[in-house]
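Everything below concerns the one structure shown next.
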Amino acid sequence: MDEVRELLAEYGQWAADDTASVRDRARQLAGVVADLLRRTGPAAAVQVSQAGGVPAVLFDFEGRDYLVSCTVDESVVADGTIARIAGDAGLSGQPGDTRWALLSWTHDVRPLDQLTDGVRGFGVVLDRTLLDAAVAGLLPLADLIRDVFRRRQTHLPLAELAVSHAPRDVPLTMTAADRLTTPIHVPTQTWCGATSQVALVGEATAAQPSGMAWRARDSLLVTYEDGLVEVDPVRGRTRWFLTVDGCHGAPLIAPDGAVTVMAGPTVIRWHAGTLTAIAGGFEPGAELLSGPGGEPWVLSGSGVTYGAGEGTLALTRLGDTVGTQ
């Protein structure tokens, strides 16, 4: 995890520093991309170079050659840079040739649409959400790039690559306790005089929940390893709300409806059909917490381990984007 945290810090510093020239920032971005790709394969298979005057990373993955051009300036569409890159790298877009990806560090829709139109027939466009997810440790960058080509799409958002669309068994529908013919009595012990009662009853399943949050008047979200399940607290009906592997702990629900949850070492946010990674580098067992004003924090690590070194307990305040935690 130390390697991940170092890269997160480097990435955050790079993103916040707007004093360097466009070319230098693109060159530094290529260095971040190369570091990410070296996690997947041998360092010798990853080379930082340039094509058409644009910093690029050439790498081999699963027997295929890939070229990732890095840009922080969407003017590459207007000034003919894309054509120069294609000519310099000998790209034709034909099967068997080097697969080319243009990585644009932007969240803006319009420039992305322009870039997508510009590279069509030559390669694909990778946006910032994919880079953020890779830096935070949600998915390896090489896998994300490969999967974009496998889908045969010029551009795909993170949600299309990280969210599973394969059928999965939804935990069984539950039954309201007041509808049971035989009442269920559960011994409870509460603090401060609070009371509790059985609301829903369901059969035991192999999948075990690890967290729960109240989403709305008629909606609870329950966390499972395969994602978040929405439960109707009145009728007991269940359905998948979000399917991302490795989810754990209680999710946080923002006033605008955004849902934040941990997925492996990464904190992800789901809102209006868009998936983003916002932080990462956390050890197994880390817990997402609601801080002042409902902002997300993460409690991670462990306390003092007697005779085995110092504790690693940490409380981390998360920002809105990867690299600002």
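Order determines the names: the first chain of the structure tokens is A, the second B, and so forth; residues in each chain are numbered 1 upward, and ligands are numbered 1 upward as they are shown.
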_Give me, as a list in words, all polymer residues having an atom no more than 9 Å from Trp105 of chain A, counting only C-alpha atoms and skipping those fewer than 3 positions away in the same chain._
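Near Trp105 of chain A, the qualifying residues are Leu29, Cys70, Thr71, Val72, Asp73, Leu126, Asp127, Arg128, Thr129 and Leu131 of chain A.
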*asked:* Would you pick out the contacts of Glu62 of chain A at 10 Å or less, using only C-alpha atoms, so that residues sharing its chain but fewer than 5 positions from it are not included, and give the list as a count of residues only?
replied: 4
_Would you compute the distance between atom CA of Arg27 of chain A and atom CA of Pro265 of chain A? Give it in Å to one decimal._
27.8 Å
*Tell me, as a list in words, which residues lie within 8 Å of segment 206-214 of chain A, counting only C-alpha atoms; anything in the same chain fewer than 6 positions away does not count.*
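Close residues of segment 206-214 of chain A: Pro171, Leu220, Leu221, Val222, Thr223, Tyr224, Glu225, His248, Gly249, Ala250, Pro251, Leu252 and Ile253 of chain A.
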Can you write just those residues out, N, CA and C atoms, as a compact mmCIF listing (two decimals), in the first residue's frame?
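Dumped to part_27.txt:
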```
# COMPACT_ATOMS: atom_id res chain seq x y z
N PRO A 171 -29.88 -11.22 -3.25
CA PRO A 171 -30.31 -11.81 -1.99
C PRO A 171 -31.83 -11.88 -1.92
N LEU A 220 -33.47 1.14 1.59
CA LEU A 220 -32.26 0.86 2.35
C LEU A 220 -31.22 0.31 1.39
N LEU A 221 -29.96 0.63 1.62
CA LEU A 221 -28.88 0.04 0.84
C LEU A 221 -28.07 -0.88 1.75
N VAL A 222 -27.89 -2.12 1.31
CA VAL A 222 -27.14 -3.12 2.07
C VAL A 222 -25.92 -3.52 1.25
N THR A 223 -24.77 -3.54 1.88
CA THR A 223 -23.52 -3.81 1.18
C THR A 223 -23.18 -5.30 1.22
N TYR A 224 -22.89 -5.83 0.04
CA TYR A 224 -22.39 -7.19 -0.12
C TYR A 224 -21.09 -7.14 -0.91
N GLU A 225 -20.37 -8.25 -0.95
CA GLU A 225 -19.10 -8.32 -1.68
C GLU A 225 -19.28 -7.94 -3.15
N HIS A 248 -17.54 -3.15 0.60
CA HIS A 248 -17.61 -3.55 2.01
C HIS A 248 -17.89 -2.32 2.87
N GLY A 249 -18.52 -2.58 4.01
CA GLY A 249 -18.81 -1.52 4.96
C GLY A 249 -20.07 -0.74 4.61
N ALA A 250 -20.47 0.13 5.52
CA ALA A 250 -21.68 0.93 5.32
C ALA A 250 -21.43 2.04 4.31
N PRO A 251 -22.34 2.22 3.34
CA PRO A 251 -22.20 3.33 2.40
C PRO A 251 -22.63 4.65 3.03
N LEU A 252 -22.22 5.76 2.44
CA LEU A 252 -22.65 7.09 2.86
C LEU A 252 -23.57 7.66 1.78
N ILE A 253 -24.67 8.27 2.21
CA ILE A 253 -25.64 8.84 1.28
C ILE A 253 -25.60 10.36 1.40
```
*Find the residues near Trp270 of chain A: any atom within 10 Å, counting only C-alpha atoms, skip ones fewer than 2 places away on the same chain, and give them as a PyMOL selection string.*
chain A and resi 159+241-242+253+257-261+268+272-277
Requested write-out: all heavy atoms of the selected residues, as an mmCIF file, in the first residue's frame:
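What landed in out28.cif:
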```cif
data_model
loop_
_atom_site.group_PDB
_atom_site.id
_atom_site.type_symbol
_atom_site.label_atom_id
_atom_site.label_comp_id
_atom_site.auth_asym_id
_atom_site.auth_seq_id
_atom_site.Cartn_x
_atom_site.Cartn_y
_atom_site.Cartn_z
ATOM 1 N N ALA A 159 -17.958 3.622 -15.516
ATOM 2 C CA ALA A 159 -19.096 2.793 -15.124
ATOM 3 C C ALA A 159 -19.292 1.609 -16.059
ATOM 4 O O ALA A 159 -19.690 0.517 -15.630
ATOM 5 C CB ALA A 159 -20.377 3.632 -15.078
ATOM 6 N N PHE A 241 -28.601 -2.419 -6.680
ATOM 7 C CA PHE A 241 -28.496 -0.977 -6.886
ATOM 8 C C PHE A 241 -27.207 -0.637 -7.615
ATOM 9 O O PHE A 241 -27.175 0.224 -8.489
ATOM 10 C CB PHE A 241 -28.532 -0.261 -5.528
ATOM 11 C CG PHE A 241 -28.368 1.227 -5.604
ATOM 12 C CD1 PHE A 241 -29.439 2.044 -5.903
ATOM 13 C CD2 PHE A 241 -27.126 1.818 -5.365
ATOM 14 C CE1 PHE A 241 -29.287 3.426 -5.970
ATOM 15 C CE2 PHE A 241 -26.963 3.190 -5.432
ATOM 16 C CZ PHE A 241 -28.041 3.995 -5.740
ATOM 17 N N LEU A 242 -26.114 -1.338 -7.260
ATOM 18 C CA LEU A 242 -24.806 -1.122 -7.884
ATOM 19 C C LEU A 242 -24.004 -2.401 -7.751
ATOM 20 O O LEU A 242 -23.919 -2.964 -6.661
ATOM 21 C CB LEU A 242 -24.069 0.034 -7.185
ATOM 22 C CG LEU A 242 -22.658 0.351 -7.664
ATOM 23 C CD1 LEU A 242 -22.689 0.879 -9.103
ATOM 24 C CD2 LEU A 242 -21.990 1.378 -6.738
ATOM 25 N N ILE A 253 -24.674 8.270 2.211
ATOM 26 C CA ILE A 253 -25.637 8.842 1.278
ATOM 27 C C ILE A 253 -25.601 10.361 1.405
ATOM 28 O O ILE A 253 -25.852 10.898 2.497
ATOM 29 C CB ILE A 253 -27.063 8.332 1.553
ATOM 30 C CG1 ILE A 253 -27.065 6.823 1.808
ATOM 31 C CG2 ILE A 253 -27.985 8.714 0.401
ATOM 32 C CD1 ILE A 253 -26.593 5.984 0.663
ATOM 33 N N GLY A 257 -28.160 12.644 -3.241
ATOM 34 C CA GLY A 257 -28.404 11.281 -3.685
ATOM 35 C C GLY A 257 -27.164 10.503 -4.051
ATOM 36 O O GLY A 257 -27.249 9.301 -4.341
ATOM 37 N N ALA A 258 -25.997 11.137 -4.051
ATOM 38 C CA ALA A 258 -24.758 10.431 -4.363
ATOM 39 C C ALA A 258 -24.478 9.380 -3.290
ATOM 40 O O ALA A 258 -24.674 9.628 -2.099
ATOM 41 C CB ALA A 258 -23.589 11.405 -4.461
ATOM 42 N N VAL A 259 -24.012 8.226 -3.715
ATOM 43 C CA VAL A 259 -23.718 7.120 -2.800
ATOM 44 C C VAL A 259 -22.217 6.840 -2.835
ATOM 45 O O VAL A 259 -21.649 6.603 -3.903
ATOM 46 C CB VAL A 259 -24.501 5.855 -3.190
ATOM 47 C CG1 VAL A 259 -24.127 4.691 -2.273
ATOM 48 C CG2 VAL A 259 -26.003 6.116 -3.127
ATOM 49 N N THR A 260 -21.580 6.881 -1.680
ATOM 50 C CA THR A 260 -20.147 6.622 -1.555
ATOM 51 C C THR A 260 -19.953 5.330 -0.778
ATOM 52 O O THR A 260 -20.594 5.123 0.252
ATOM 53 C CB THR A 260 -19.442 7.786 -0.832
ATOM 54 O OG1 THR A 260 -19.707 9.001 -1.529
ATOM 55 C CG2 THR A 260 -17.940 7.563 -0.776
ATOM 56 N N VAL A 261 -19.059 4.463 -1.274
ATOM 57 C CA VAL A 261 -18.828 3.186 -0.614
ATOM 58 C C VAL A 261 -17.403 2.736 -0.902
ATOM 59 O O VAL A 261 -16.782 3.185 -1.885
ATOM 60 C CB VAL A 261 -19.841 2.118 -1.104
ATOM 61 C CG1 VAL A 261 -19.584 1.746 -2.558
ATOM 62 C CG2 VAL A 261 -19.834 0.887 -0.205
ATOM 63 N N ILE A 268 -15.300 4.746 -3.826
ATOM 64 C CA ILE A 268 -15.953 5.099 -5.083
ATOM 65 C C ILE A 268 -17.246 5.854 -4.798
ATOM 66 O O ILE A 268 -17.827 5.738 -3.721
ATOM 67 C CB ILE A 268 -16.261 3.858 -5.944
ATOM 68 C CG1 ILE A 268 -17.186 2.879 -5.183
ATOM 69 C CG2 ILE A 268 -14.972 3.173 -6.368
ATOM 70 C CD1 ILE A 268 -17.637 1.687 -6.008
ATOM 71 N N ALA A 272 -26.092 9.593 -10.325
ATOM 72 C CA ALA A 272 -26.744 9.859 -11.612
ATOM 73 C C ALA A 272 -26.136 9.030 -12.743
ATOM 74 O O ALA A 272 -25.927 9.523 -13.853
ATOM 75 C CB ALA A 272 -26.660 11.355 -11.940
ATOM 76 N N GLY A 273 -25.836 7.766 -12.439
ATOM 77 C CA GLY A 273 -25.304 6.877 -13.468
ATOM 78 C C GLY A 273 -23.824 7.021 -13.750
ATOM 79 O O GLY A 273 -23.296 6.365 -14.643
ATOM 80 N N THR A 274 -23.138 7.869 -12.994
ATOM 81 C CA THR A 274 -21.702 8.089 -13.194
ATOM 82 C C THR A 274 -20.923 7.519 -12.011
ATOM 83 O O THR A 274 -21.246 7.799 -10.854
ATOM 84 C CB THR A 274 -21.389 9.585 -13.350
ATOM 85 O OG1 THR A 274 -22.070 10.088 -14.501
ATOM 86 C CG2 THR A 274 -19.886 9.807 -13.514
ATOM 87 N N LEU A 275 -19.902 6.740 -12.319
ATOM 88 C CA LEU A 275 -19.043 6.155 -11.291
ATOM 89 C C LEU A 275 -17.697 6.865 -11.298
ATOM 90 O O LEU A 275 -17.081 7.040 -12.356
ATOM 91 C CB LEU A 275 -18.833 4.667 -11.561
ATOM 92 C CG LEU A 275 -17.970 3.908 -10.548
ATOM 93 C CD1 LEU A 275 -18.699 3.783 -9.217
ATOM 94 C CD2 LEU A 275 -17.604 2.520 -11.086
ATOM 95 N N THR A 276 -17.229 7.282 -10.128
ATOM 96 C CA THR A 276 -15.911 7.901 -10.002
ATOM 97 C C THR A 276 -15.203 7.341 -8.780
ATOM 98 O O THR A 276 -15.835 6.972 -7.790
ATOM 99 C CB THR A 276 -16.009 9.440 -9.856
ATOM 100 O OG1 THR A 276 -16.898 9.764 -8.791
ATOM 101 C CG2 THR A 276 -16.500 10.075 -11.144
ATOM 102 N N ALA A 277 -13.893 7.262 -8.865
ATOM 103 C CA ALA A 277 -13.066 6.936 -7.704
ATOM 104 C C ALA A 277 -12.630 8.252 -7.080
ATOM 105 O O ALA A 277 -12.278 9.197 -7.793
ATOM 106 C CB ALA A 277 -11.846 6.125 -8.137
#
```
*Nearest candidate to Gly301 of chain A (options A:Thr188, A:Gln28, A:Thr316, A:Thr154; using only C-alpha atoms)*: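 The answer is A:Thr316, which sits nearest to Gly301 of chain A.
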_Please return, as a ChimeraX atom specification, all residues of segment 67-255 of chain A that DSSP assigns to alpha helix (DSSP H) on the basis of the backbone._
/A:81-89,109-119,128-136,141-150,158-162
*Compile the contact shell of Gly246 of chain A as a ChimeraX atom specification: residues with an atom at most 8 Å away, counting only C-alpha atoms, same-chain residues fewer than 2 positions apart removed.*
/A:225-227,244,248,262-264
*asked:* Between A:Leu144, A:Ile278, A:Leu288, A:Leu58, which residue has the minimum interatomic distance to Asp320 of chain A, considering only C-alpha atoms?
replied: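 Smallest distance to Asp320 of chain A is found for A:Ile278.
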*Nearest to Gly294 of chain A by atom-to-atom distance, counting only C-alpha atoms, from A:Gly311, A:Pro140, A:Pro167, A:Pro255*: A:Pro255
_Expected answer as JSON, numbers by chain: strand (DSSP E or B) residues in segment 28-225 of chain A_ = {"A": [46, 47, 48, 49, 50, 51, 54, 55, 56, 57, 58, 59, 60, 61, 64, 65, 66, 67, 68, 69, 70, 71, 99, 100, 101, 102, 103, 104, 123, 124, 125, 126, 155, 175, 176, 200, 201, 211, 212, 213, 214, 215, 216, 219, 220, 221, 222, 223, 224]}
*Name all residues at most 12 Å from Asp88 of chain A (count only C-alpha atoms; drop same-chain ones fewer than 6 positions away) and give them as number ranges by chain.*
A: 49-54, 56, 67, 69, 81-82
Could you turn the residues from that selection into a file that holds N, CA and C atoms, as a compact mmCIF listing (two decimals), in the first residue's frame?
```
# COMPACT_ATOMS: atom_id res chain seq x y z
N SER A 49 8.03 7.63 -24.27
CA SER A 49 8.58 8.19 -25.50
C SER A 49 7.69 9.34 -25.94
N GLN A 50 7.58 9.55 -27.24
CA GLN A 50 6.64 10.52 -27.77
C GLN A 50 6.30 10.15 -29.20
N ALA A 51 5.16 10.64 -29.66
CA ALA A 51 4.72 10.43 -31.04
C ALA A 51 3.99 11.68 -31.48
N GLY A 52 4.39 12.23 -32.62
CA GLY A 52 3.77 13.47 -33.09
C GLY A 52 4.01 14.64 -32.18
N GLY A 53 5.13 14.60 -31.41
CA GLY A 53 5.44 15.68 -30.48
C GLY A 53 4.68 15.62 -29.18
N VAL A 54 3.92 14.55 -28.94
CA VAL A 54 3.12 14.41 -27.73
C VAL A 54 3.72 13.30 -26.85
N ALA A 56 4.21 10.10 -24.72
CA ALA A 56 3.46 8.86 -24.87
C ALA A 56 4.15 7.74 -24.09
N LEU A 67 0.06 1.98 -27.43
CA LEU A 67 0.67 3.30 -27.34
C LEU A 67 -0.35 4.24 -26.71
N SER A 69 -0.94 8.06 -25.73
CA SER A 69 -0.52 9.46 -25.84
C SER A 69 -1.20 10.25 -24.74
N THR A 81 -2.64 17.56 -34.53
CA THR A 81 -1.72 16.71 -33.78
C THR A 81 -2.09 15.23 -33.92
N ILE A 82 -3.39 14.93 -33.92
CA ILE A 82 -3.80 13.54 -34.02
C ILE A 82 -3.27 12.91 -35.30
```
_Å distance separating atom CA of Asp65 of chain A from atom CA of Phe149 of chain A, one decimal place_ =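 Value for the atom CA of Asp65 of chain A-atom CA of Phe149 of chain A distance: 12.3 Å.
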*Quick one, how far is atom CA of Ala279 of chain A from atom CA of Asp169 of chain A?*
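For atom CA of Ala279 of chain A relative to atom CA of Asp169 of chain A, the distance reads 29.1 Å.
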